[in-house]
>>> print(open('work_9.cif').read())   # mmCIF, N, CA and C atoms
data_data
#
loop_
_atom_site.label_atom_id
_atom_site.label_comp_id
_atom_site.auth_asym_id
_atom_site.auth_seq_id
_atom_site.Cartn_x
_atom_site.Cartn_y
_atom_site.Cartn_z
N MET F 1 0.84 -1.17 0.00
CA MET F 1 0.00 0.00 0.00
C MET F 1 0.88 1.23 0.00
N SER F 2 0.56 2.19 -0.82
CA SER F 2 1.36 3.40 -0.91
C SER F 2 0.80 4.47 0.02
N PRO F 3 1.65 5.38 0.49
CA PRO F 3 1.17 6.45 1.37
C PRO F 3 0.26 7.39 0.60
N PRO F 4 -0.64 8.12 1.31
CA PRO F 4 -1.53 9.04 0.62
C PRO F 4 -0.76 10.15 -0.07
N ALA F 5 -1.32 10.62 -1.15
CA ALA F 5 -0.66 11.67 -1.94
C ALA F 5 -0.64 12.97 -1.17
N THR F 6 0.43 13.74 -1.35
CA THR F 6 0.52 15.04 -0.70
C THR F 6 -0.17 16.07 -1.57
N PRO F 7 -0.76 17.10 -0.96
CA PRO F 7 -1.46 18.10 -1.75
C PRO F 7 -0.51 18.93 -2.59
N GLN F 8 -1.00 19.40 -3.73
CA GLN F 8 -0.21 20.25 -4.61
C GLN F 8 -0.08 21.64 -3.97
N THR F 9 1.06 22.26 -4.15
CA THR F 9 1.27 23.60 -3.62
C THR F 9 1.48 24.57 -4.76
N GLU F 10 1.20 25.83 -4.47
CA GLU F 10 1.45 26.86 -5.46
C GLU F 10 2.92 27.26 -5.40
N GLY F 11 3.30 28.25 -6.19
CA GLY F 11 4.68 28.67 -6.27
C GLY F 11 5.26 29.18 -4.96
N ASN F 12 4.42 29.74 -4.07
CA ASN F 12 4.95 30.28 -2.82
C ASN F 12 5.08 29.22 -1.72
N GLY F 13 4.70 27.97 -1.99
CA GLY F 13 4.87 26.89 -1.03
C GLY F 13 3.73 26.74 -0.04
N SER F 14 2.67 27.51 -0.16
CA SER F 14 1.54 27.38 0.75
C SER F 14 0.33 26.89 -0.02
N LEU F 15 -0.60 26.28 0.70
CA LEU F 15 -1.82 25.79 0.08
C LEU F 15 -2.75 26.95 -0.20
N PRO F 16 -3.45 26.94 -1.32
CA PRO F 16 -4.41 28.01 -1.57
C PRO F 16 -5.60 27.87 -0.65
N PRO F 17 -6.21 28.99 -0.21
CA PRO F 17 -7.37 28.87 0.67
C PRO F 17 -8.54 28.25 -0.07
N GLY F 18 -9.29 27.45 0.62
CA GLY F 18 -10.45 26.80 0.03
C GLY F 18 -11.34 26.25 1.13
N PRO F 19 -12.37 25.50 0.78
CA PRO F 19 -13.26 24.94 1.79
C PRO F 19 -12.49 24.02 2.73
N GLY F 20 -12.65 24.22 4.01
CA GLY F 20 -11.98 23.38 5.00
C GLY F 20 -10.55 23.78 5.27
N ARG F 21 -10.05 24.84 4.65
CA ARG F 21 -8.68 25.29 4.87
C ARG F 21 -8.68 26.76 5.23
N ALA F 22 -7.83 27.11 6.14
CA ALA F 22 -7.70 28.51 6.53
C ALA F 22 -6.69 29.18 5.61
N PRO F 23 -6.78 30.49 5.43
CA PRO F 23 -5.77 31.19 4.63
C PRO F 23 -4.38 30.99 5.23
N ALA F 24 -3.35 31.11 4.40
CA ALA F 24 -1.99 30.79 4.82
C ALA F 24 -1.50 31.70 5.94
N GLY F 25 -2.03 32.90 6.08
CA GLY F 25 -1.55 33.84 7.08
C GLY F 25 -2.02 33.55 8.49
N THR F 26 -3.01 32.66 8.70
CA THR F 26 -3.57 32.44 10.03
C THR F 26 -2.73 31.49 10.86
N GLY F 27 -1.91 30.69 10.24
CA GLY F 27 -1.04 29.79 11.00
C GLY F 27 -1.64 28.43 11.26
N SER F 28 -2.95 28.28 11.12
CA SER F 28 -3.56 26.97 11.33
C SER F 28 -3.78 26.33 9.97
N GLN F 29 -3.25 25.13 9.82
CA GLN F 29 -3.37 24.43 8.54
C GLN F 29 -4.16 23.17 8.77
N VAL F 30 -5.25 23.03 8.02
CA VAL F 30 -6.13 21.87 8.13
C VAL F 30 -5.76 20.92 7.02
N GLU F 31 -5.84 19.63 7.29
CA GLU F 31 -5.52 18.62 6.27
C GLU F 31 -6.43 18.81 5.06
N SER F 32 -5.83 18.85 3.87
CA SER F 32 -6.60 19.19 2.68
C SER F 32 -7.42 18.02 2.15
N SER F 33 -6.96 16.80 2.26
CA SER F 33 -7.70 15.65 1.73
C SER F 33 -8.62 15.09 2.79
N SER F 34 -9.89 15.05 2.48
CA SER F 34 -10.84 14.45 3.41
C SER F 34 -10.90 12.94 3.16
N PHE F 35 -11.55 12.23 4.05
CA PHE F 35 -11.67 10.79 3.89
C PHE F 35 -12.51 10.45 2.67
N ILE F 36 -13.50 11.28 2.35
CA ILE F 36 -14.35 11.02 1.20
C ILE F 36 -13.54 11.15 -0.08
N LYS F 37 -12.71 12.19 -0.18
CA LYS F 37 -11.88 12.36 -1.37
C LYS F 37 -10.91 11.19 -1.52
N LEU F 38 -10.34 10.73 -0.41
CA LEU F 38 -9.43 9.60 -0.46
C LEU F 38 -10.16 8.33 -0.90
N ALA F 39 -11.38 8.13 -0.40
CA ALA F 39 -12.16 6.96 -0.78
C ALA F 39 -12.52 7.01 -2.27
N MET F 40 -12.88 8.18 -2.75
CA MET F 40 -13.21 8.32 -4.17
C MET F 40 -11.98 8.06 -5.04
N ARG F 41 -10.83 8.55 -4.61
CA ARG F 41 -9.59 8.33 -5.37
C ARG F 41 -9.27 6.84 -5.42
N ASN F 42 -9.43 6.14 -4.29
CA ASN F 42 -9.17 4.70 -4.26
C ASN F 42 -10.18 3.94 -5.11
N MET F 43 -11.43 4.42 -5.14
CA MET F 43 -12.45 3.73 -5.92
C MET F 43 -12.17 3.87 -7.41
N VAL F 44 -11.66 5.02 -7.82
CA VAL F 44 -11.30 5.19 -9.22
C VAL F 44 -10.12 4.30 -9.58
N ARG F 45 -9.15 4.22 -8.67
CA ARG F 45 -7.96 3.42 -8.93
C ARG F 45 -8.28 1.93 -8.93
N LYS F 46 -9.19 1.49 -8.06
CA LYS F 46 -9.53 0.07 -7.95
C LYS F 46 -10.99 -0.13 -8.32
N GLY F 47 -11.37 0.33 -9.50
CA GLY F 47 -12.77 0.34 -9.92
C GLY F 47 -13.42 -1.02 -9.97
N ARG F 48 -12.75 -1.99 -10.59
CA ARG F 48 -13.36 -3.31 -10.75
C ARG F 48 -13.59 -3.98 -9.39
N GLN F 49 -12.62 -3.89 -8.50
CA GLN F 49 -12.75 -4.49 -7.18
C GLN F 49 -13.87 -3.80 -6.39
N SER F 50 -13.97 -2.48 -6.49
CA SER F 50 -15.02 -1.75 -5.80
C SER F 50 -16.39 -2.14 -6.32
N LEU F 51 -16.51 -2.26 -7.65
CA LEU F 51 -17.80 -2.66 -8.21
C LEU F 51 -18.17 -4.09 -7.81
N LEU F 52 -17.19 -4.96 -7.76
CA LEU F 52 -17.45 -6.34 -7.33
C LEU F 52 -17.93 -6.37 -5.88
N HIS F 53 -17.25 -5.63 -5.00
CA HIS F 53 -17.66 -5.59 -3.60
C HIS F 53 -19.04 -4.96 -3.44
N PHE F 54 -19.31 -3.89 -4.22
CA PHE F 54 -20.63 -3.27 -4.16
C PHE F 54 -21.71 -4.25 -4.62
N GLY F 55 -21.45 -4.98 -5.70
CA GLY F 55 -22.42 -5.95 -6.20
C GLY F 55 -22.68 -7.07 -5.20
N LEU F 56 -21.61 -7.58 -4.60
CA LEU F 56 -21.78 -8.64 -3.60
C LEU F 56 -22.55 -8.13 -2.38
N THR F 57 -22.28 -6.90 -1.96
CA THR F 57 -23.00 -6.32 -0.83
C THR F 57 -24.48 -6.15 -1.16
N ALA F 58 -24.77 -5.64 -2.36
CA ALA F 58 -26.16 -5.46 -2.77
C ALA F 58 -26.89 -6.80 -2.85
N LEU F 59 -26.23 -7.81 -3.42
CA LEU F 59 -26.82 -9.14 -3.52
C LEU F 59 -27.06 -9.74 -2.14
N GLY F 60 -26.10 -9.61 -1.25
CA GLY F 60 -26.25 -10.14 0.11
C GLY F 60 -27.36 -9.45 0.87
N LEU F 61 -27.46 -8.13 0.74
CA LEU F 61 -28.52 -7.39 1.43
C LEU F 61 -29.89 -7.77 0.88
N THR F 62 -29.99 -7.92 -0.44
CA THR F 62 -31.26 -8.33 -1.04
C THR F 62 -31.66 -9.73 -0.57
N ALA F 63 -30.70 -10.65 -0.54
CA ALA F 63 -30.99 -12.01 -0.07
C ALA F 63 -31.42 -12.00 1.40
N PHE F 64 -30.77 -11.17 2.20
CA PHE F 64 -31.13 -11.08 3.62
C PHE F 64 -32.55 -10.54 3.79
N LEU F 65 -32.89 -9.50 3.04
CA LEU F 65 -34.24 -8.93 3.14
C LEU F 65 -35.31 -9.91 2.66
N VAL F 66 -35.02 -10.66 1.60
CA VAL F 66 -35.98 -11.67 1.12
C VAL F 66 -36.13 -12.77 2.15
N LEU F 67 -35.06 -13.19 2.78
CA LEU F 67 -35.12 -14.22 3.81
C LEU F 67 -35.96 -13.75 5.00
N ILE F 68 -35.75 -12.53 5.45
CA ILE F 68 -36.52 -12.00 6.57
C ILE F 68 -38.00 -11.89 6.20
N ALA F 69 -38.29 -11.45 4.96
CA ALA F 69 -39.68 -11.34 4.52
C ALA F 69 -40.33 -12.73 4.43
N TRP F 70 -39.56 -13.73 3.97
CA TRP F 70 -40.11 -15.07 3.87
C TRP F 70 -40.36 -15.67 5.25
N LEU F 71 -39.43 -15.46 6.18
CA LEU F 71 -39.62 -16.00 7.53
C LEU F 71 -40.75 -15.28 8.28
N GLY F 72 -40.99 -14.03 7.97
CA GLY F 72 -42.01 -13.26 8.67
C GLY F 72 -43.34 -13.19 7.95
N ARG F 73 -43.54 -14.03 6.94
CA ARG F 73 -44.79 -13.98 6.18
C ARG F 73 -45.95 -14.44 7.07
N PRO F 74 -47.11 -13.84 6.87
CA PRO F 74 -48.28 -14.24 7.69
C PRO F 74 -48.85 -15.57 7.21
N ASN F 75 -49.37 -16.31 8.14
CA ASN F 75 -50.02 -17.58 7.81
C ASN F 75 -51.51 -17.33 7.63
N LEU F 76 -51.97 -17.29 6.37
CA LEU F 76 -53.37 -17.07 6.09
C LEU F 76 -54.09 -18.41 5.96
N PRO F 77 -55.29 -18.50 6.52
CA PRO F 77 -56.03 -19.76 6.36
C PRO F 77 -56.48 -19.95 4.90
N GLN F 78 -56.51 -21.22 4.46
CA GLN F 78 -56.89 -21.49 3.07
C GLN F 78 -58.21 -22.19 2.98
#
>>> encode(input="work_9.cif", output="structure tokens")
Amino acid sequence: MSPPATPQTEGNGSLPPGPGRAPAGTGSQVESSSFIKLAMRNMVRKGRQSLLHFGLTALGLTAFLVLIAWLGRPNLPQ
């Protein structure tokens, strides 16, 4: 596994201000990459594996819901 990518910097060596980041003059620097951005980057890089896991999860959840519905079905007199 490779370490997370470092953010790009401008010519002056500081990060440009943006959402979730304070301007360079304030002294407080917030991490620029959020967990969602990192997850999206990994999903693009490992697309086939992500789609396979998503499909298996969807299939498993559907099977679980059908099983619960079948076990909880009402017994109607015939």
>>> atom_distance(input="work_9.cif", atom1="atom CA of Pro77 of chain F", atom2="atom N of Phe64 of chain F")
27.0 Å
>>> atom_distance(input="work_9.cif", atom1="atom CA of Ala63 of chain F", atom2="atom CA of Ile36 of chain F")
28.4 Å
>>> atom_distance(input="work_9.cif", atom1="atom C of Gly55 of chain F", atom2="atom N of Pro74 of chain F")
28.1 Å
